[in-house]
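The next block is my_file-v7.tsv, given as TSV, C-alpha atoms.
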```
chain	number	residue	atom	x	y	z
F	1086	MET	CA	18.60	-3.81	22.48
F	1087	ILE	CA	17.62	-0.26	23.46
F	1088	LEU	CA	16.03	2.02	20.86
F	1089	ASN	CA	15.65	5.70	21.69
F	1090	ILE	CA	12.88	6.94	19.43
F	1091	ASN	CA	13.85	10.56	20.07
F	1092	ASP	CA	16.91	9.84	17.93
F	1093	LEU	CA	14.86	8.49	15.01
F	1094	ASP	CA	13.07	10.00	12.04
F	1095	ALA	CA	11.76	6.62	10.86
F	1096	VAL	CA	11.96	2.84	11.17
F	1097	ILE	CA	12.29	0.81	7.96
F	1098	PHE	CA	11.51	-2.90	7.76
F	1099	ASP	CA	12.25	-5.58	5.23
F	1100	LEU	CA	9.26	-7.93	4.89
F	1101	ASP	CA	10.09	-11.63	4.35
F	1102	GLY	CA	12.11	-13.13	7.18
F	1103	THR	CA	12.16	-9.80	9.03
F	1104	LEU	CA	8.58	-8.85	9.87
F	1105	TYR	CA	7.03	-12.12	8.71
F	1106	ASP	CA	8.08	-15.75	9.05
F	1107	SER	CA	7.79	-16.34	5.31
F	1108	MET	CA	11.15	-17.30	3.83
F	1109	TRP	CA	10.15	-20.97	3.88
F	1110	MET	CA	7.33	-20.14	1.50
F	1111	TRP	CA	9.56	-18.82	-1.27
F	1112	GLU	CA	11.79	-21.88	-1.23
F	1113	GLN	CA	8.70	-24.08	-1.56
F	1114	ILE	CA	7.39	-21.98	-4.45
F	1115	ASP	CA	10.74	-22.25	-6.24
F	1116	ILE	CA	10.68	-26.03	-5.86
F	1117	GLU	CA	7.11	-26.29	-7.16
F	1118	PHE	CA	7.63	-23.82	-10.00
F	1119	LEU	CA	10.78	-25.47	-11.34
F	1120	GLY	CA	9.22	-28.88	-10.82
F	1121	SER	CA	6.39	-27.92	-13.17
F	1122	PHE	CA	9.06	-27.70	-15.92
F	1123	GLY	CA	10.66	-30.99	-14.88
F	1124	LEU	CA	13.57	-29.21	-13.19
F	1125	ALA	CA	15.07	-29.74	-9.75
F	1126	MET	CA	15.96	-26.75	-7.60
F	1127	PRO	CA	19.76	-26.25	-7.52
F	1128	ASP	CA	21.39	-26.10	-4.10
F	1129	ASP	CA	22.78	-22.62	-4.76
F	1130	LEU	CA	19.56	-21.00	-5.98
F	1131	GLN	CA	18.52	-19.21	-2.77
F	1132	GLU	CA	21.99	-17.75	-2.35
F	1133	CYS	CA	22.07	-16.60	-5.99
F	1134	ILE	CA	18.76	-14.74	-5.89
F	1135	GLU	CA	19.01	-13.35	-2.35
F	1136	GLY	CA	18.30	-9.62	-2.36
F	1137	MET	CA	17.10	-9.48	-5.97
F	1138	SER	CA	13.91	-7.62	-6.78
F	1139	PHE	CA	10.84	-9.55	-7.93
F	1140	SER	CA	11.54	-8.51	-11.53
F	1141	GLU	CA	15.27	-9.27	-11.32
F	1142	THR	CA	14.46	-12.75	-9.99
F	1143	ALA	CA	12.10	-13.39	-12.90
F	1144	VAL	CA	14.84	-12.42	-15.37
F	1145	TYR	CA	17.30	-14.70	-13.56
F	1146	PHE	CA	14.91	-17.68	-13.68
F	1147	LYS	CA	14.09	-17.15	-17.34
F	1148	GLN	CA	17.77	-16.96	-18.33
F	1149	ARG	CA	19.22	-19.63	-16.06
F	1150	PHE	CA	16.49	-22.23	-16.54
F	1151	ASP	CA	15.43	-21.27	-20.07
F	1152	ILE	CA	11.81	-20.80	-18.97
F	1153	PRO	CA	9.65	-20.49	-22.15
F	1154	TRP	CA	7.33	-17.87	-20.60
F	1155	THR	CA	7.30	-14.08	-20.67
F	1156	LEU	CA	8.55	-12.29	-17.58
F	1157	ASP	CA	5.03	-11.06	-16.85
F	1158	LYS	CA	3.67	-14.61	-16.98
F	1159	ILE	CA	6.40	-15.84	-14.61
F	1160	LYS	CA	5.65	-13.09	-12.10
F	1161	CYS	CA	1.91	-13.62	-12.42
F	1162	LYS	CA	2.34	-17.32	-11.66
F	1163	TRP	CA	4.50	-16.58	-8.61
F	1164	ASN	CA	1.91	-14.11	-7.33
F	1165	GLU	CA	-0.80	-16.73	-7.80
F	1166	MET	CA	1.21	-19.39	-5.95
F	1167	ALA	CA	2.08	-17.05	-3.09
F	1168	MET	CA	-1.32	-15.41	-2.64
F	1169	ASP	CA	-2.95	-18.23	-0.71
F	1170	LYS	CA	0.11	-18.89	1.46
F	1171	TYR	CA	0.42	-15.22	2.41
F	1172	GLY	CA	-3.26	-14.99	3.17
F	1173	HIS	CA	-3.52	-18.14	5.31
F	1174	GLU	CA	-0.13	-19.63	6.28
F	1175	VAL	CA	2.26	-16.74	6.97
F	1176	SER	CA	2.50	-15.18	10.44
F	1177	LEU	CA	4.28	-12.22	11.97
F	1178	LYS	CA	7.62	-12.84	13.66
F	1179	LYS	CA	7.57	-13.08	17.46
F	1180	GLY	CA	6.90	-9.68	19.02
F	1181	ALA	CA	6.72	-7.89	15.65
F	1182	GLY	CA	3.06	-6.88	15.87
F	1183	GLU	CA	3.37	-5.37	19.34
F	1184	PHE	CA	6.61	-3.59	18.39
F	1185	VAL	CA	5.00	-1.99	15.33
F	1186	ARG	CA	1.96	-0.92	17.36
F	1187	LYS	CA	4.17	0.72	20.00
F	1188	LEU	CA	6.01	2.68	17.32
F	1189	LYS	CA	2.71	3.77	15.79
F	1190	ASP	CA	1.39	4.88	19.18
F	1191	ARG	CA	4.47	7.07	19.60
F	1192	GLY	CA	4.06	8.61	16.15
F	1193	VAL	CA	7.21	7.09	14.66
F	1194	PRO	CA	6.96	6.94	10.82
F	1195	MET	CA	7.43	3.43	9.44
F	1196	ALA	CA	8.11	2.09	5.96
F	1197	ILE	CA	8.57	-1.27	4.32
F	1198	ALA	CA	11.46	-1.72	1.87
F	1199	SER	CA	11.10	-5.11	0.21
F	1200	SER	CA	12.19	-7.11	-2.82
F	1201	ASN	CA	8.72	-8.62	-2.98
F	1202	SER	CA	5.86	-7.56	-5.27
F	1203	ARG	CA	3.51	-4.80	-4.13
F	1204	GLN	CA	0.50	-7.02	-4.73
F	1205	LEU	CA	1.74	-9.69	-2.31
F	1206	ILE	CA	2.85	-7.15	0.29
F	1207	ASP	CA	-0.66	-5.70	0.30
F	1208	VAL	CA	-2.13	-9.19	0.80
F	1209	VAL	CA	0.03	-10.10	3.79
F	1210	LEU	CA	-0.35	-6.68	5.44
F	1211	GLU	CA	-4.12	-6.85	5.04
F	1212	SER	CA	-4.43	-10.43	6.29
F	1213	SER	CA	-2.33	-9.69	9.39
F	1214	GLY	CA	-4.05	-6.40	10.20
F	1215	MET	CA	-0.88	-4.38	9.67
F	1216	LYS	CA	-1.81	-2.40	6.56
F	1217	ASP	CA	-2.65	0.88	8.31
F	1218	TYR	CA	0.51	0.96	10.42
F	1219	PHE	CA	2.93	1.82	7.62
F	1220	ASP	CA	3.38	5.25	6.07
F	1221	ALA	CA	5.08	3.93	2.92
F	1222	VAL	CA	5.70	0.66	1.10
F	1223	VAL	CA	8.64	0.65	-1.32
F	1224	ILE	CA	9.64	-2.25	-3.53
F	1225	SER	CA	12.95	-2.88	-5.26
F	1226	CYS	CA	11.25	-2.81	-8.67
F	1227	GLU	CA	10.77	0.93	-8.15
F	1228	VAL	CA	14.50	1.68	-8.01
F	1229	PRO	CA	17.42	1.15	-10.41
F	1230	ARG	CA	19.18	-1.44	-8.24
F	1231	GLY	CA	17.97	-4.07	-5.79
F	1232	LYS	CA	19.67	-5.07	-2.55
F	1233	PRO	CA	22.57	-4.90	-1.63
F	1234	ALA	CA	22.41	-1.43	-3.24
F	1235	PRO	CA	21.00	1.24	-0.89
F	1236	ASP	CA	18.40	2.48	-3.39
F	1237	VAL	CA	15.25	0.97	-1.87
F	1238	TYR	CA	16.11	2.21	1.62
F	1239	LEU	CA	16.88	5.71	0.41
F	1240	LEU	CA	13.58	5.89	-1.46
F	1241	ALA	CA	11.76	4.64	1.66
F	1242	ALA	CA	13.38	7.39	3.73
F	1243	GLU	CA	12.43	9.95	1.08
F	1244	ARG	CA	8.81	8.77	1.06
F	1245	VAL	CA	8.48	9.32	4.82
F	1246	LYS	CA	10.52	12.55	4.70
F	1247	ALA	CA	13.26	11.14	6.92
F	1248	ASP	CA	16.99	11.82	7.07
F	1249	PRO	CA	18.66	8.47	6.24
F	1250	VAL	CA	21.17	8.85	9.08
F	1251	ARG	CA	18.23	9.10	11.50
F	1252	CYS	CA	16.65	5.86	10.31
F	1253	ILE	CA	17.04	2.30	11.54
F	1254	VAL	CA	16.58	-0.69	9.24
F	1255	PHE	CA	15.49	-4.16	10.40
F	1256	GLU	CA	16.80	-6.84	8.03
F	1257	ASP	CA	17.28	-10.61	8.00
F	1258	ILE	CA	19.65	-11.16	5.05
F	1259	VAL	CA	23.23	-10.11	4.39
F	1260	PRO	CA	22.51	-8.14	1.17
F	1261	GLY	CA	19.83	-6.21	3.04
F	1262	ILE	CA	22.17	-5.39	5.91
F	1263	ILE	CA	24.83	-4.22	3.46
F	1264	GLY	CA	22.27	-2.08	1.63
F	1265	GLY	CA	21.00	-0.46	4.81
F	1266	LYS	CA	24.51	0.39	5.94
F	1267	ALA	CA	25.33	1.76	2.47
F	1268	ALA	CA	22.32	4.07	2.87
F	1269	GLY	CA	23.94	5.49	6.00
F	1270	MET	CA	21.36	3.95	8.32
F	1271	ARG	CA	21.63	2.06	11.58
F	1272	VAL	CA	20.87	-1.61	10.88
F	1273	CYS	CA	19.52	-4.25	13.20
F	1274	ALA	CA	19.86	-7.84	11.99
F	1275	VAL	CA	16.95	-10.18	12.74
F	1276	GLU	CA	17.36	-13.88	13.43
F	1277	ASP	CA	15.73	-16.12	10.84
F	1278	GLU	CA	15.95	-19.85	10.25
F	1279	PHE	CA	16.81	-19.45	6.58
F	1280	SER	CA	19.86	-17.26	7.24
F	1281	ILE	CA	21.35	-19.35	10.07
F	1282	PRO	CA	24.48	-20.16	7.99
F	1283	TYR	CA	25.16	-16.42	7.79
F	1284	ARG	CA	24.46	-15.60	11.44
F	1285	GLU	CA	28.00	-14.58	12.33
F	1286	GLU	CA	28.36	-12.50	9.16
F	1287	LYS	CA	25.08	-10.76	10.00
F	1288	ARG	CA	26.34	-10.02	13.52
F	1289	ARG	CA	29.57	-8.60	12.12
F	1290	LEU	CA	27.91	-6.37	9.52
F	1291	ALA	CA	24.98	-5.04	11.55
F	1292	ASP	CA	24.93	-2.52	14.39
F	1293	ASP	CA	22.55	-4.67	16.45
F	1294	TYR	CA	21.20	-8.22	16.44
F	1295	ILE	CA	17.91	-9.53	17.82
F	1296	TRP	CA	16.40	-13.01	18.09
F	1297	ASP	CA	12.90	-11.51	18.21
F	1298	TYR	CA	11.24	-8.12	18.71
F	1299	ASP	CA	10.52	-8.73	22.38
F	1300	GLU	CA	14.21	-7.91	22.91
F	1301	VAL	CA	13.77	-4.31	21.73
F	1302	GLU	CA	13.23	-1.82	24.55
F	1303	LEU	CA	11.79	1.51	23.41
F	1304	ILE	CA	12.76	4.62	25.36
F	1305	TRP	CA	11.90	8.27	24.81
F	1306	GLN	CA	11.91	11.63	26.53
F	1307	ILE	CA	8.68	13.60	26.84
```
Could you write out this file's structure as structure tokens?
Amino acid sequence: MILNINDLDAVIFDLDGTLYDSMWMWEQIDIEFLGSFGLAMPDDLQECIEGMSFSETAVYFKQRFDIPWTLDKIKCKWNEMAMDKYGHEVSLKKGAGEFVRKLKDRGVPMAIASSNSRQLIDVVLESSGMKDYFDAVVISCEVPRGKPAPDVYLLAAERVKADPVRCIVFEDIVPGIIGGKAAGMRVCAVEDEFSIPYREEKRRLADDYIWDYDEVELIWQI
């Protein structure tokens, strides 16, 4: 994949499964959380909550599983469960760190547009040494609609003062790809183990597809 940075105002990344190899973690947290209430994780759960914001997911869990906690307590527990994993067990996707550093060196604005909580995003960016590379971090809880709506991408573009049509989004899930395209942006789908069943759909919906960031060749004109 060739990326001409002269044609770009900004690069926008999803977090889990796109920049970081972390989708496994959320499935494990769901299993442990539901297990604490004596519940098994349904087979369709990941598909049902894919793309939802952190707050939307808490509402979904409370309603579907009749969780006797407040939404704030549910989210607080998830943050607590995820904090250690993000700080010690989650790593960047292959080539992601070098790719981000190259963009930074060339002065390309970058933003994160994620359904995760801001607290956890800060933890994983800090632990991986990536915190200072991004000009904006936007979460779906800040906008009226989560993915697949375009809202979070449009707000990310606004925060870095970029024209949406001159942005590229890197995403690993179908709702994210749909949302990026709905925002008028170029979208590159990223391979991830947890979206293997949707690989062909991702290829069809996205403008580009990469297995890892080492495949992206940056070009520019001085």
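Checking F:Glu1165, F:Asp1292, F:Glu1117, F:Asp1099 one by one against Gln1204 (chain F), counting only C-alpha atoms, you find the shortest gap at F:Glu1165.
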For region 1120-1130 of chain F, I'd like the enclosing box, axis-aligned and padded by 3 Å on every side, reported as JSON with centre and edge lengths in Å to one decimal.
```
{"center_x": 14.6, "center_y": -26.0, "center_z": -10.0, "size_x": 22.4, "size_y": 16.0, "size_z": 17.8}
```
Hey, can you pull every residue with an atom no more than 12 Å from (7.3, 1.9, 20.2), using all atoms listed in the file, and send it as a CSV table (one decimal) with C-alpha atoms, in the frame of the given file?
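Contents of the output file point_21.csv:
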```csv
chain,number,residue,atom,x,y,z
F,1087,ILE,CA,17.6,-0.3,23.5
F,1088,LEU,CA,16.0,2.0,20.9
F,1089,ASN,CA,15.6,5.7,21.7
F,1090,ILE,CA,12.9,6.9,19.4
F,1091,ASN,CA,13.8,10.6,20.1
F,1093,LEU,CA,14.9,8.5,15.0
F,1095,ALA,CA,11.8,6.6,10.9
F,1096,VAL,CA,12.0,2.8,11.2
F,1180,GLY,CA,6.9,-9.7,19.0
F,1181,ALA,CA,6.7,-7.9,15.6
F,1182,GLY,CA,3.1,-6.9,15.9
F,1183,GLU,CA,3.4,-5.4,19.3
F,1184,PHE,CA,6.6,-3.6,18.4
F,1185,VAL,CA,5.0,-2.0,15.3
F,1186,ARG,CA,2.0,-0.9,17.4
F,1187,LYS,CA,4.2,0.7,20.0
F,1188,LEU,CA,6.0,2.7,17.3
F,1189,LYS,CA,2.7,3.8,15.8
F,1190,ASP,CA,1.4,4.9,19.2
F,1191,ARG,CA,4.5,7.1,19.6
F,1192,GLY,CA,4.1,8.6,16.2
F,1193,VAL,CA,7.2,7.1,14.7
F,1194,PRO,CA,7.0,6.9,10.8
F,1195,MET,CA,7.4,3.4,9.4
F,1218,TYR,CA,0.5,1.0,10.4
F,1298,TYR,CA,11.2,-8.1,18.7
F,1299,ASP,CA,10.5,-8.7,22.4
F,1301,VAL,CA,13.8,-4.3,21.7
F,1302,GLU,CA,13.2,-1.8,24.6
F,1303,LEU,CA,11.8,1.5,23.4
F,1304,ILE,CA,12.8,4.6,25.4
F,1305,TRP,CA,11.9,8.3,24.8
```
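For the residues F:Ala1291, F:Leu1104, F:Ala1125, F:Ala1198, ranking by smallest atom-to-atom distance to Ile1263 (chain F) using all atoms listed in the file places F:Ala1291 first.
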* Considering all atoms listed in the file, return as a PyMOL selection string whatever protein or nucleic-acid residues lie within 12 Å of Ser1202 (chain F), sequence-local ones (same chain, fewer than 5 positions apart) excluded. => chain F and resi 1100-1101+1137-1143+1160-1161+1163-1165+1167-1168+1197+1207-1209+1222-1227
Please save C-alpha atoms of the selected residues as a PDB file, keeping the file's coordinate frame.
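For reference, out_32.pdb as written:
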```
ATOM      1  CA  LEU F1100       9.260  -7.930   4.890  1.00  0.00           C
ATOM      2  CA  ASP F1101      10.090 -11.630   4.350  1.00  0.00           C
ATOM      3  CA  MET F1137      17.100  -9.480  -5.970  1.00  0.00           C
ATOM      4  CA  SER F1138      13.910  -7.620  -6.780  1.00  0.00           C
ATOM      5  CA  PHE F1139      10.840  -9.550  -7.930  1.00  0.00           C
ATOM      6  CA  SER F1140      11.540  -8.510 -11.530  1.00  0.00           C
ATOM      7  CA  GLU F1141      15.270  -9.270 -11.320  1.00  0.00           C
ATOM      8  CA  THR F1142      14.460 -12.750  -9.990  1.00  0.00           C
ATOM      9  CA  ALA F1143      12.100 -13.390 -12.900  1.00  0.00           C
ATOM     10  CA  LYS F1160       5.650 -13.090 -12.100  1.00  0.00           C
ATOM     11  CA  CYS F1161       1.910 -13.620 -12.420  1.00  0.00           C
ATOM     12  CA  TRP F1163       4.500 -16.580  -8.610  1.00  0.00           C
ATOM     13  CA  ASN F1164       1.910 -14.110  -7.330  1.00  0.00           C
ATOM     14  CA  GLU F1165      -0.800 -16.730  -7.800  1.00  0.00           C
ATOM     15  CA  ALA F1167       2.080 -17.050  -3.090  1.00  0.00           C
ATOM     16  CA  MET F1168      -1.320 -15.410  -2.640  1.00  0.00           C
ATOM     17  CA  ILE F1197       8.570  -1.270   4.320  1.00  0.00           C
ATOM     18  CA  ASP F1207      -0.660  -5.700   0.300  1.00  0.00           C
ATOM     19  CA  VAL F1208      -2.130  -9.190   0.800  1.00  0.00           C
ATOM     20  CA  VAL F1209       0.030 -10.100   3.790  1.00  0.00           C
ATOM     21  CA  VAL F1222       5.700   0.660   1.100  1.00  0.00           C
ATOM     22  CA  VAL F1223       8.640   0.650  -1.320  1.00  0.00           C
ATOM     23  CA  ILE F1224       9.640  -2.250  -3.530  1.00  0.00           C
ATOM     24  CA  SER F1225      12.950  -2.880  -5.260  1.00  0.00           C
ATOM     25  CA  CYS F1226      11.250  -2.810  -8.670  1.00  0.00           C
ATOM     26  CA  GLU F1227      10.770   0.930  -8.150  1.00  0.00           C
TER      27      GLU F1227
END
```
* Asked: Leaving out Lys1266 (chain F) and any residue of its chain fewer than 2 positions from it, which residues lie within 12 Å of it when counting only C-alpha atoms, given as an NGL selection string?
  -> :F and (1232-1236 or 1238-1239 or 1249-1250 or 1252-1256 or 1259-1264 or 1268-1274 or 1287 or 1290-1293)
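Distance-wise, CA of Ser1121 (chain F) and CA of Thr1155 (chain F) end up 15.8 Å apart.
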* To do: Determine the nearest neighbour of Ala1241 (chain F) from the options F:Val1228, F:Met1166, F:Ile1097, F:Met1126, counting all atoms listed in the file.
  => F:Ile1097
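Rounded to one decimal, CA of Phe1146 (chain F) and CA of Asp1128 (chain F) lie 14.3 Å from each other.
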* Quick one: distance from CA of Ile1116 (chain F) to CA of Lys1170 (chain F) in Å, one decimal? -> 14.7 Å
* Asked: Val1275 (chain F): which residues within 6 Å, counting all atoms listed in the file, same-chain residues fewer than 5 positions away excluded, as a PyMOL selection string?
  -> chain F and resi 1256-1257+1294-1295
